[in-house]
file coords.tsv (TSV, N, CA and C atoms)
chain	number	residue	atom	x	y	z
I	12	MET	N	-36.73	-1.85	38.60
I	12	MET	CA	-35.50	-1.22	39.00
I	12	MET	C	-34.49	-2.26	39.49
I	13	GLU	N	-34.99	-3.32	40.08
I	13	GLU	CA	-34.11	-4.36	40.56
I	13	GLU	C	-33.39	-5.06	39.41
I	14	TYR	N	-34.06	-5.16	38.25
I	14	TYR	CA	-33.46	-5.79	37.08
I	14	TYR	C	-32.28	-4.97	36.58
I	15	LEU	N	-32.40	-3.63	36.60
I	15	LEU	CA	-31.29	-2.78	36.18
I	15	LEU	C	-30.11	-2.90	37.13
I	16	SER	N	-30.37	-2.96	38.40
I	16	SER	CA	-29.27	-3.12	39.35
I	16	SER	C	-28.62	-4.50	39.19
I	17	TYR	N	-29.41	-5.49	38.77
I	17	TYR	CA	-28.86	-6.82	38.50
I	17	TYR	C	-27.92	-6.77	37.30
I	18	LEU	N	-28.33	-6.10	36.24
I	18	LEU	CA	-27.51	-6.02	35.03
I	18	LEU	C	-26.27	-5.16	35.21
I	19	PHE	N	-26.41	-4.03	35.87
I	19	PHE	CA	-25.34	-3.05	35.93
I	19	PHE	C	-24.58	-3.05	37.25
I	20	SER	N	-24.68	-4.10	38.00
I	20	SER	CA	-23.93	-4.19	39.25
I	20	SER	C	-22.44	-4.25	38.94
I	21	PRO	N	-21.63	-3.33	39.50
I	21	PRO	CA	-20.21	-3.31	39.16
I	21	PRO	C	-19.44	-4.53	39.67
I	22	ILE	N	-19.92	-5.12	40.75
I	22	ILE	CA	-19.28	-6.33	41.27
I	22	ILE	C	-20.38	-7.38	41.46
I	23	PRO	N	-20.65	-8.17	40.40
I	23	PRO	CA	-21.71	-9.19	40.53
I	23	PRO	C	-21.28	-10.30	41.48
I	24	GLY	N	-22.24	-11.07	41.91
I	24	GLY	CA	-21.98	-12.14	42.86
I	24	GLY	C	-21.01	-13.18	42.31
I	25	ALA	N	-20.40	-13.90	43.21
I	25	ALA	CA	-19.38	-14.88	42.82
I	25	ALA	C	-19.99	-16.16	42.25
I	26	ALA	N	-21.26	-16.39	42.47
I	26	ALA	CA	-21.91	-17.62	41.98
I	26	ALA	C	-22.18	-17.50	40.49
I	27	PHE	N	-21.25	-18.02	39.71
I	27	PHE	CA	-21.39	-17.99	38.25
I	27	PHE	C	-20.97	-19.35	37.73
I	28	ASN	N	-21.93	-20.16	37.34
I	28	ASN	CA	-21.66	-21.55	36.97
I	28	ASN	C	-21.43	-21.77	35.48
I	29	TYR	N	-21.50	-20.72	34.70
I	29	TYR	CA	-21.44	-20.88	33.24
I	29	TYR	C	-20.13	-20.43	32.62
I	30	THR	N	-19.10	-20.27	33.42
I	30	THR	CA	-17.81	-19.78	32.90
I	30	THR	C	-17.26	-20.73	31.85
I	31	LEU	N	-17.27	-22.01	32.12
I	31	LEU	CA	-16.72	-22.99	31.18
I	31	LEU	C	-17.49	-22.99	29.87
I	32	TRP	N	-18.82	-22.91	29.93
I	32	TRP	CA	-19.63	-22.92	28.71
I	32	TRP	C	-19.42	-21.65	27.88
I	33	ILE	N	-19.26	-20.54	28.55
I	33	ILE	CA	-19.04	-19.28	27.82
I	33	ILE	C	-17.65	-19.26	27.20
I	34	ILE	N	-16.66	-19.82	27.89
I	34	ILE	CA	-15.31	-19.91	27.31
I	34	ILE	C	-15.31	-20.86	26.11
I	35	ILE	N	-16.06	-21.94	26.20
I	35	ILE	CA	-16.18	-22.87	25.05
I	35	ILE	C	-16.84	-22.17	23.88
I	36	TYR	N	-17.88	-21.37	24.14
I	36	TYR	CA	-18.56	-20.63	23.07
I	36	TYR	C	-17.60	-19.62	22.41
I	37	GLY	N	-16.83	-18.90	23.21
I	37	GLY	CA	-15.86	-17.96	22.66
I	37	GLY	C	-14.78	-18.66	21.86
I	38	SER	N	-14.32	-19.81	22.34
I	38	SER	CA	-13.32	-20.59	21.61
I	38	SER	C	-13.89	-21.13	20.31
I	39	ALA	N	-15.17	-21.51	20.32
I	39	ALA	CA	-15.81	-22.00	19.10
I	39	ALA	C	-15.92	-20.88	18.06
I	40	LEU	N	-16.17	-19.66	18.51
I	40	LEU	CA	-16.20	-18.53	17.58
I	40	LEU	C	-14.83	-18.30	16.94
I	41	ILE	N	-13.79	-18.38	17.74
I	41	ILE	CA	-12.43	-18.20	17.21
I	41	ILE	C	-12.09	-19.34	16.26
I	42	LEU	N	-12.45	-20.55	16.60
I	42	LEU	CA	-12.20	-21.70	15.72
I	42	LEU	C	-12.97	-21.58	14.41
I	43	ALA	N	-14.21	-21.09	14.48
I	43	ALA	CA	-15.00	-20.88	13.26
I	43	ALA	C	-14.35	-19.82	12.37
I	44	ALA	N	-13.79	-18.79	12.98
I	44	ALA	CA	-13.11	-17.76	12.20
I	44	ALA	C	-11.87	-18.31	11.51
I	45	ILE	N	-11.13	-19.15	12.20
I	45	ILE	CA	-9.94	-19.77	11.60
I	45	ILE	C	-10.34	-20.69	10.45
I	46	LEU	N	-11.40	-21.47	10.65
I	46	LEU	CA	-11.86	-22.36	9.58
I	46	LEU	C	-12.37	-21.57	8.37
I	47	LEU	N	-13.04	-20.44	8.62
I	47	LEU	CA	-13.47	-19.59	7.51
I	47	LEU	C	-12.29	-19.04	6.74
I	48	LYS	N	-11.25	-18.61	7.45
I	48	LYS	CA	-10.05	-18.09	6.79
I	48	LYS	C	-9.38	-19.16	5.94
I	49	VAL	N	-9.31	-20.39	6.46
I	49	VAL	CA	-8.73	-21.49	5.69
I	49	VAL	C	-9.59	-21.79	4.47
I	50	PHE	N	-10.90	-21.77	4.63
I	50	PHE	CA	-11.81	-22.01	3.51
I	50	PHE	C	-11.66	-20.94	2.44
I	51	PHE	N	-11.51	-19.68	2.87
I	51	PHE	CA	-11.32	-18.60	1.90
I	51	PHE	C	-9.99	-18.72	1.18
I	52	SER	N	-8.96	-19.17	1.87
I	52	SER	CA	-7.66	-19.32	1.21
I	52	SER	C	-7.68	-20.50	0.24
I	53	MET	N	-8.52	-21.51	0.51
I	53	MET	CA	-8.64	-22.62	-0.44
I	53	MET	C	-9.41	-22.20	-1.68
I	54	ASN	N	-10.34	-21.25	-1.55
I	54	ASN	CA	-11.15	-20.77	-2.67
I	54	ASN	C	-10.73	-19.35	-3.05
I	55	LYS	N	-9.47	-19.18	-3.42
I	55	LYS	CA	-8.96	-17.85	-3.75
I	55	LYS	C	-9.61	-17.27	-5.00
I	56	ASN	N	-10.01	-18.11	-5.92
I	56	ASN	CA	-10.55	-17.63	-7.19
I	56	ASN	C	-12.02	-17.22	-7.10
I	57	ASN	N	-12.68	-17.53	-6.03
I	57	ASN	CA	-14.09	-17.19	-5.86
I	57	ASN	C	-14.20	-15.77	-5.30
I	58	LYS	N	-14.30	-14.79	-6.19
I	58	LYS	CA	-14.33	-13.40	-5.77
I	58	LYS	C	-15.63	-13.03	-5.05
I	59	ALA	N	-16.71	-13.67	-5.41
I	59	ALA	CA	-17.99	-13.39	-4.75
I	59	ALA	C	-17.94	-13.80	-3.28
I	60	LEU	N	-17.33	-14.94	-3.01
I	60	LEU	CA	-17.20	-15.41	-1.63
I	60	LEU	C	-16.33	-14.46	-0.83
I	61	LYS	N	-15.26	-14.02	-1.45
I	61	LYS	CA	-14.32	-13.12	-0.77
I	61	LYS	C	-14.96	-11.76	-0.49
I	62	ARG	N	-15.72	-11.25	-1.43
I	62	ARG	CA	-16.36	-9.95	-1.25
I	62	ARG	C	-17.51	-10.00	-0.24
I	63	THR	N	-18.25	-11.07	-0.26
I	63	THR	CA	-19.41	-11.16	0.61
I	63	THR	C	-19.04	-11.39	2.07
I	64	PHE	N	-18.06	-12.23	2.32
I	64	PHE	CA	-17.73	-12.62	3.69
I	64	PHE	C	-16.37	-12.10	4.13
I	65	ARG	N	-15.95	-10.96	3.62
I	65	ARG	CA	-14.63	-10.42	3.94
I	65	ARG	C	-14.47	-10.12	5.43
I	66	SER	N	-15.50	-9.59	6.05
I	66	SER	CA	-15.38	-9.16	7.45
I	66	SER	C	-15.80	-10.22	8.46
I	67	ALA	N	-16.32	-11.33	8.02
I	67	ALA	CA	-16.85	-12.34	8.95
I	67	ALA	C	-15.80	-12.93	9.89
I	68	PRO	N	-14.62	-13.34	9.42
I	68	PRO	CA	-13.66	-13.91	10.37
I	68	PRO	C	-13.21	-12.91	11.44
I	69	GLY	N	-13.00	-11.68	11.06
I	69	GLY	CA	-12.60	-10.67	12.03
I	69	GLY	C	-13.66	-10.41	13.08
I	70	GLN	N	-14.90	-10.36	12.65
I	70	GLN	CA	-16.00	-10.16	13.59
I	70	GLN	C	-16.08	-11.30	14.59
I	71	LEU	N	-15.94	-12.52	14.10
I	71	LEU	CA	-16.03	-13.68	14.99
I	71	LEU	C	-14.86	-13.74	15.96
I	72	VAL	N	-13.66	-13.39	15.48
I	72	VAL	CA	-12.49	-13.41	16.35
I	72	VAL	C	-12.64	-12.39	17.48
I	73	TRP	N	-13.04	-11.16	17.13
I	73	TRP	CA	-13.17	-10.14	18.17
I	73	TRP	C	-14.27	-10.47	19.17
I	74	CYS	N	-15.36	-11.02	18.70
I	74	CYS	CA	-16.42	-11.43	19.63
I	74	CYS	C	-15.93	-12.57	20.53
I	75	GLY	N	-15.23	-13.53	19.96
I	75	GLY	CA	-14.72	-14.66	20.75
I	75	GLY	C	-13.72	-14.22	21.80
I	76	ILE	N	-12.79	-13.35	21.41
I	76	ILE	CA	-11.80	-12.85	22.38
I	76	ILE	C	-12.49	-12.05	23.48
I	77	SER	N	-13.44	-11.21	23.10
I	77	SER	CA	-14.15	-10.39	24.09
I	77	SER	C	-14.94	-11.26	25.06
I	78	ILE	N	-15.60	-12.29	24.54
I	78	ILE	CA	-16.39	-13.18	25.41
I	78	ILE	C	-15.49	-13.92	26.39
I	79	ILE	N	-14.37	-14.42	25.91
I	79	ILE	CA	-13.45	-15.13	26.80
I	79	ILE	C	-12.90	-14.18	27.86
I	80	MET	N	-12.52	-12.97	27.44
I	80	MET	CA	-11.98	-12.00	28.38
I	80	MET	C	-13.02	-11.62	29.45
I	81	LEU	N	-14.25	-11.38	29.03
I	81	LEU	CA	-15.30	-11.02	29.98
I	81	LEU	C	-15.65	-12.17	30.91
I	82	ALA	N	-15.63	-13.40	30.40
I	82	ALA	CA	-15.93	-14.55	31.25
I	82	ALA	C	-14.83	-14.76	32.29
I	83	LEU	N	-13.59	-14.59	31.87
I	83	LEU	CA	-12.49	-14.73	32.83
I	83	LEU	C	-12.49	-13.61	33.86
I	84	SER	N	-12.84	-12.39	33.43
I	84	SER	CA	-12.90	-11.30	34.39
I	84	SER	C	-14.08	-11.49	35.35
I	85	ARG	N	-15.13	-12.12	34.87
I	85	ARG	CA	-16.28	-12.41	35.73
I	85	ARG	C	-15.92	-13.45	36.78
I	86	SER	N	-15.19	-14.48	36.37
I	86	SER	CA	-14.81	-15.51	37.34
I	86	SER	C	-13.74	-15.00	38.31
I	87	SER	N	-12.95	-14.01	37.88
I	87	SER	CA	-11.93	-13.43	38.76
I	87	SER	C	-12.51	-12.36	39.68
I	88	GLY	N	-13.66	-11.81	39.32
I	88	GLY	CA	-14.31	-10.79	40.14
I	88	GLY	C	-13.74	-9.40	39.94
I	89	ILE	N	-13.29	-9.07	38.74
I	89	ILE	CA	-12.77	-7.74	38.45
I	89	ILE	C	-13.93	-6.76	38.39
I	90	PRO	N	-13.90	-5.69	39.19
I	90	PRO	CA	-15.02	-4.75	39.20
I	90	PRO	C	-15.20	-4.05	37.85
I	91	TYR	N	-16.41	-3.72	37.52
I	91	TYR	CA	-16.87	-3.01	36.32
I	91	TYR	C	-16.64	-3.80	35.04
I	92	LEU	N	-15.56	-4.51	34.89
I	92	LEU	CA	-15.34	-5.31	33.68
I	92	LEU	C	-16.16	-6.59	33.73
I	93	SER	N	-16.52	-7.02	34.94
I	93	SER	CA	-17.29	-8.26	35.07
I	93	SER	C	-18.79	-8.02	35.14
I	94	MET	N	-19.24	-6.85	34.70
I	94	MET	CA	-20.68	-6.55	34.72
I	94	MET	C	-21.42	-7.50	33.78
I	95	ARG	N	-22.61	-7.91	34.20
I	95	ARG	CA	-23.41	-8.82	33.38
I	95	ARG	C	-23.81	-8.19	32.06
I	96	PHE	N	-24.02	-6.89	32.06
I	96	PHE	CA	-24.45	-6.19	30.86
I	96	PHE	C	-23.44	-6.36	29.73
I	97	PHE	N	-22.14	-6.21	30.03
I	97	PHE	CA	-21.12	-6.36	28.99
I	97	PHE	C	-21.13	-7.76	28.40
I	98	LEU	N	-21.24	-8.75	29.25
I	98	LEU	CA	-21.26	-10.13	28.78
I	98	LEU	C	-22.49	-10.41	27.93
I	99	PHE	N	-23.65	-9.95	28.38
I	99	PHE	CA	-24.87	-10.14	27.59
I	99	PHE	C	-24.79	-9.39	26.25
I	100	ALA	N	-24.24	-8.20	26.26
I	100	ALA	CA	-24.14	-7.40	25.04
I	100	ALA	C	-23.22	-8.06	24.01
I	101	VAL	N	-22.09	-8.57	24.45
I	101	VAL	CA	-21.15	-9.20	23.51
I	101	VAL	C	-21.71	-10.53	23.00
I	102	ILE	N	-22.38	-11.28	23.83
I	102	ILE	CA	-22.99	-12.53	23.37
I	102	ILE	C	-24.11	-12.23	22.37
I	103	ALA	N	-24.91	-11.20	22.64
I	103	ALA	CA	-25.96	-10.81	21.69
I	103	ALA	C	-25.36	-10.33	20.38
I	104	LEU	N	-24.26	-9.59	20.45
I	104	LEU	CA	-23.58	-9.12	19.23
I	104	LEU	C	-23.04	-10.29	18.42
I	105	SER	N	-22.48	-11.28	19.09
I	105	SER	CA	-21.97	-12.44	18.36
I	105	SER	C	-23.09	-13.23	17.70
I	106	ILE	N	-24.22	-13.35	18.38
I	106	ILE	CA	-25.37	-14.03	17.78
I	106	ILE	C	-25.89	-13.25	16.58
I	107	TYR	N	-25.88	-11.93	16.68
I	107	TYR	CA	-26.28	-11.09	15.55
I	107	TYR	C	-25.36	-11.31	14.35
I	108	TYR	N	-24.04	-11.34	14.59
I	108	TYR	CA	-23.10	-11.57	13.49
I	108	TYR	C	-23.28	-12.94	12.86
I	109	ILE	N	-23.55	-13.94	13.66
I	109	ILE	CA	-23.76	-15.29	13.13
I	109	ILE	C	-25.01	-15.32	12.26
I	110	ILE	N	-26.10	-14.74	12.74
I	110	ILE	CA	-27.34	-14.72	11.96
I	110	ILE	C	-27.16	-13.91	10.68
I	111	LYS	N	-26.46	-12.78	10.78
I	111	LYS	CA	-26.23	-11.93	9.61
I	111	LYS	C	-25.44	-12.68	8.54
I	112	ASN	N	-24.43	-13.43	8.93
I	112	ASN	CA	-23.63	-14.17	7.96
I	112	ASN	C	-24.38	-15.37	7.40
I	113	ILE	N	-25.23	-15.99	8.20
I	113	ILE	CA	-26.05	-17.09	7.67
I	113	ILE	C	-27.03	-16.55	6.62
I	114	LEU	N	-27.62	-15.39	6.88
I	114	LEU	CA	-28.53	-14.80	5.90
I	114	LEU	C	-27.79	-14.36	4.64
I	115	LYS	N	-26.53	-13.95	4.79
I	115	LYS	CA	-25.73	-13.60	3.62
I	115	LYS	C	-25.51	-14.81	2.72
I	116	ILE	N	-25.39	-16.00	3.32
I	116	ILE	CA	-25.19	-17.21	2.52
I	116	ILE	C	-26.38	-17.43	1.59
I	117	PHE	N	-27.58	-17.18	2.08
I	117	PHE	CA	-28.77	-17.48	1.31
I	117	PHE	C	-29.24	-16.34	0.41
I	118	TYR	N	-28.93	-15.10	0.75
I	118	TYR	CA	-29.47	-13.97	-0.02
I	118	TYR	C	-28.41	-13.18	-0.77
I	119	THR	N	-27.36	-12.75	-0.12
I	119	THR	CA	-26.38	-11.86	-0.75
I	119	THR	C	-25.42	-12.62	-1.64
I	120	TYR	N	-24.92	-13.78	-1.17
I	120	TYR	CA	-23.91	-14.51	-1.92
I	120	TYR	C	-24.40	-14.98	-3.30
I	121	PRO	N	-25.60	-15.54	-3.45
I	121	PRO	CA	-26.03	-15.93	-4.81
I	121	PRO	C	-26.12	-14.75	-5.78
I	122	LYS	N	-26.59	-13.59	-5.29
I	122	LYS	CA	-26.65	-12.41	-6.16
I	122	LYS	C	-25.26	-11.95	-6.55
I	123	MET	N	-24.35	-11.93	-5.59
I	123	MET	CA	-22.98	-11.51	-5.87
I	123	MET	C	-22.29	-12.49	-6.80
I	124	LYS	N	-22.58	-13.76	-6.65
I	124	LYS	CA	-21.98	-14.78	-7.52
I	124	LYS	C	-22.43	-14.58	-8.97
I	125	ASP	N	-23.71	-14.26	-9.16
I	125	ASP	CA	-24.20	-14.01	-10.51
I	125	ASP	C	-23.55	-12.77	-11.11
I	126	LEU	N	-23.36	-11.74	-10.32
I	126	LEU	CA	-22.74	-10.51	-10.82
I	126	LEU	C	-21.28	-10.71	-11.18
I	127	VAL	N	-20.56	-11.48	-10.38
I	127	VAL	CA	-19.13	-11.66	-10.62
I	127	VAL	C	-18.89	-12.63	-11.76
I	128	GLU	N	-19.69	-13.68	-11.87
I	128	GLU	CA	-19.46	-14.69	-12.91
I	128	GLU	C	-19.92	-14.24	-14.29
I	129	LYS	N	-20.95	-13.40	-14.37
I	129	LYS	CA	-21.48	-13.00	-15.67
I	129	LYS	C	-21.50	-11.47	-15.78
I	130	PRO	N	-20.34	-10.83	-15.82
I	130	PRO	CA	-20.36	-9.36	-15.88
I	130	PRO	C	-20.81	-8.83	-17.23
I	131	GLU	N	-20.62	-9.59	-18.33
I	131	GLU	CA	-21.01	-9.08	-19.64
I	131	GLU	C	-22.52	-9.04	-19.84
I	132	SER	N	-23.25	-9.81	-19.09
I	132	SER	CA	-24.70	-9.77	-19.21
I	132	SER	C	-25.30	-8.54	-18.53
I	133	HIS	N	-24.56	-7.92	-17.63
I	133	HIS	CA	-25.08	-6.78	-16.89
I	133	HIS	C	-24.61	-5.44	-17.46
I	134	THR	N	-23.53	-5.46	-18.19
I	134	THR	CA	-23.01	-4.23	-18.78
I	134	THR	C	-22.82	-4.42	-20.28
I	135	ALA	N	-22.95	-3.35	-21.01
I	135	ALA	CA	-22.77	-3.43	-22.46
I	135	ALA	C	-21.28	-3.41	-22.78
I	136	LYS	N	-20.87	-4.24	-23.74
I	136	LYS	CA	-19.48	-4.29	-24.14
I	136	LYS	C	-19.19	-3.17	-25.11
I	137	LYS	N	-18.02	-2.58	-24.95
I	137	LYS	CA	-17.59	-1.56	-25.90
I	137	LYS	C	-16.78	-2.24	-27.00
I	138	VAL	N	-17.04	-1.85	-28.23
I	138	VAL	CA	-16.34	-2.43	-29.36
I	138	VAL	C	-15.41	-1.37	-29.91
I	139	TYR	N	-14.13	-1.69	-29.98
I	139	TYR	CA	-13.13	-0.76	-30.50
I	139	TYR	C	-12.71	-1.25	-31.89
I	140	THR	N	-12.72	-0.31	-32.84
I	140	THR	CA	-12.29	-0.64	-34.19
I	140	THR	C	-11.12	0.27	-34.57
I	141	THR	N	-10.42	-0.13	-35.62
I	141	THR	CA	-9.26	0.65	-36.06
I	141	THR	C	-9.65	1.68	-37.12
I	142	LYS	N	-10.87	1.64	-37.56
I	142	LYS	CA	-11.32	2.58	-38.60
I	142	LYS	C	-11.54	3.95	-37.98
I	143	LYS	N	-11.01	4.95	-38.66
I	143	LYS	CA	-11.23	6.32	-38.22
I	143	LYS	C	-12.45	6.87	-38.94
I	144	LYS	N	-13.19	7.66	-38.28
I	144	LYS	CA	-14.39	8.23	-38.87
I	144	LYS	C	-14.18	9.69	-39.15
call {"tool": "encode", "arguments": {"input": "coords.tsv", "output": "structure tokens"}}
result
Amino acid sequence: MEYLSYLFSPIPGAAFNYTLWIIIYGSALILAAILLKVFFSMNKNNKALKRTFRSAPGQLVWCGISIIMLALSRSSGIPYLSMRFFLFAVIALSIYYIIKNILKIFYTYPKMKDLVEKPESHTAKKVYTTKKK
């Protein structure tokens, strides 16, 4: 029961030494999202890349902004917004998104690349002739 009160305390203690590291992590997520967007704009013709990782930059930006906001509210001591549970949940969500996108690189992207580059091998071509029957 003490662990739940630790997680869900509306006004956690002021001793929080990891604010700088959490802000750096949130900033790194935002920077990674910007770099992904630039990479996607450089590879405009790669439709498989665009389809597979369309939502990745947005997910990283929102997680980064949320982490920075929660870390700053924690260091400021804002009640209820500075709960440890929110910070742990958003950090866990960002780690989930990172792992999900890394797995997409190895599993989903190669399959999508094959489908986009060789569509005639997967579907039968229709042949149109001018002869009337």
call {"tool": "atom_distance", "arguments": {"input": "coords.tsv", "atom1": "atom N of Tyr139 of chain I", "atom2": "atom CA of Asp125 of chain I"}}
result
25.1 Å
call {"tool": "closest_residue", "arguments": {"input": "coords.tsv", "among": "I:Lys58, I:Leu83, I:Ile110, I:Ala67", "to": "Glu128 of chain I", "atoms": "all atoms listed in the file"}}
result
I:Lys58
call {"tool": "closest_residue", "arguments": {"input": "coords.tsv", "among": "I:Leu46, I:Leu126, I:Leu18, I:Leu31", "to": "Ser86 of chain I", "atoms": "only C-alpha atoms"}}
result
I:Leu31
call {"tool": "residues_around", "arguments": {"input": "coords.tsv", "residues": "Tyr36 of chain I", "least_positions_apart": "2", "cutoff": "12 Å", "atoms": "only C-alpha atoms", "output": "ChimeraX atom specification"}}
result
/I:29-34,38-43,71-72,74-79,82,101-102,105-106
call {"tool": "select_by_dssp", "arguments": {"input": "coords.tsv", "residues": "chain I", "states": "helix (DSSP H, G or I)", "output": "number ranges by chain"}}
result
I: 13-18, 30-53, 58-63, 67-87, 95-128, 130-132
call {"tool": "residues_around", "arguments": {"input": "coords.tsv", "residues": "Met94 of chain I", "least_positions_apart": "6", "cutoff": "7 Å", "atoms": "all atoms listed in the file", "output": "list in words"}}
result
Leu18, Phe19, Ser20, Pro21, Ile22, Pro23, Ser84 and Arg85 of chain I
call {"tool": "residues_near_point", "arguments": {"input": "coords.tsv", "point": "(-20.6, -11.7, 6.3)", "cutoff": "7 Å", "atoms": "all atoms listed in the file", "output": "PyMOL selection string"}}
result
chain I and resi 63-68+111-113+115
call {"tool": "atom_distance", "arguments": {"input": "coords.tsv", "atom1": "atom C of Lys55 of chain I", "atom2": "atom N of Leu114 of chain I"}}
result
21.7 Å
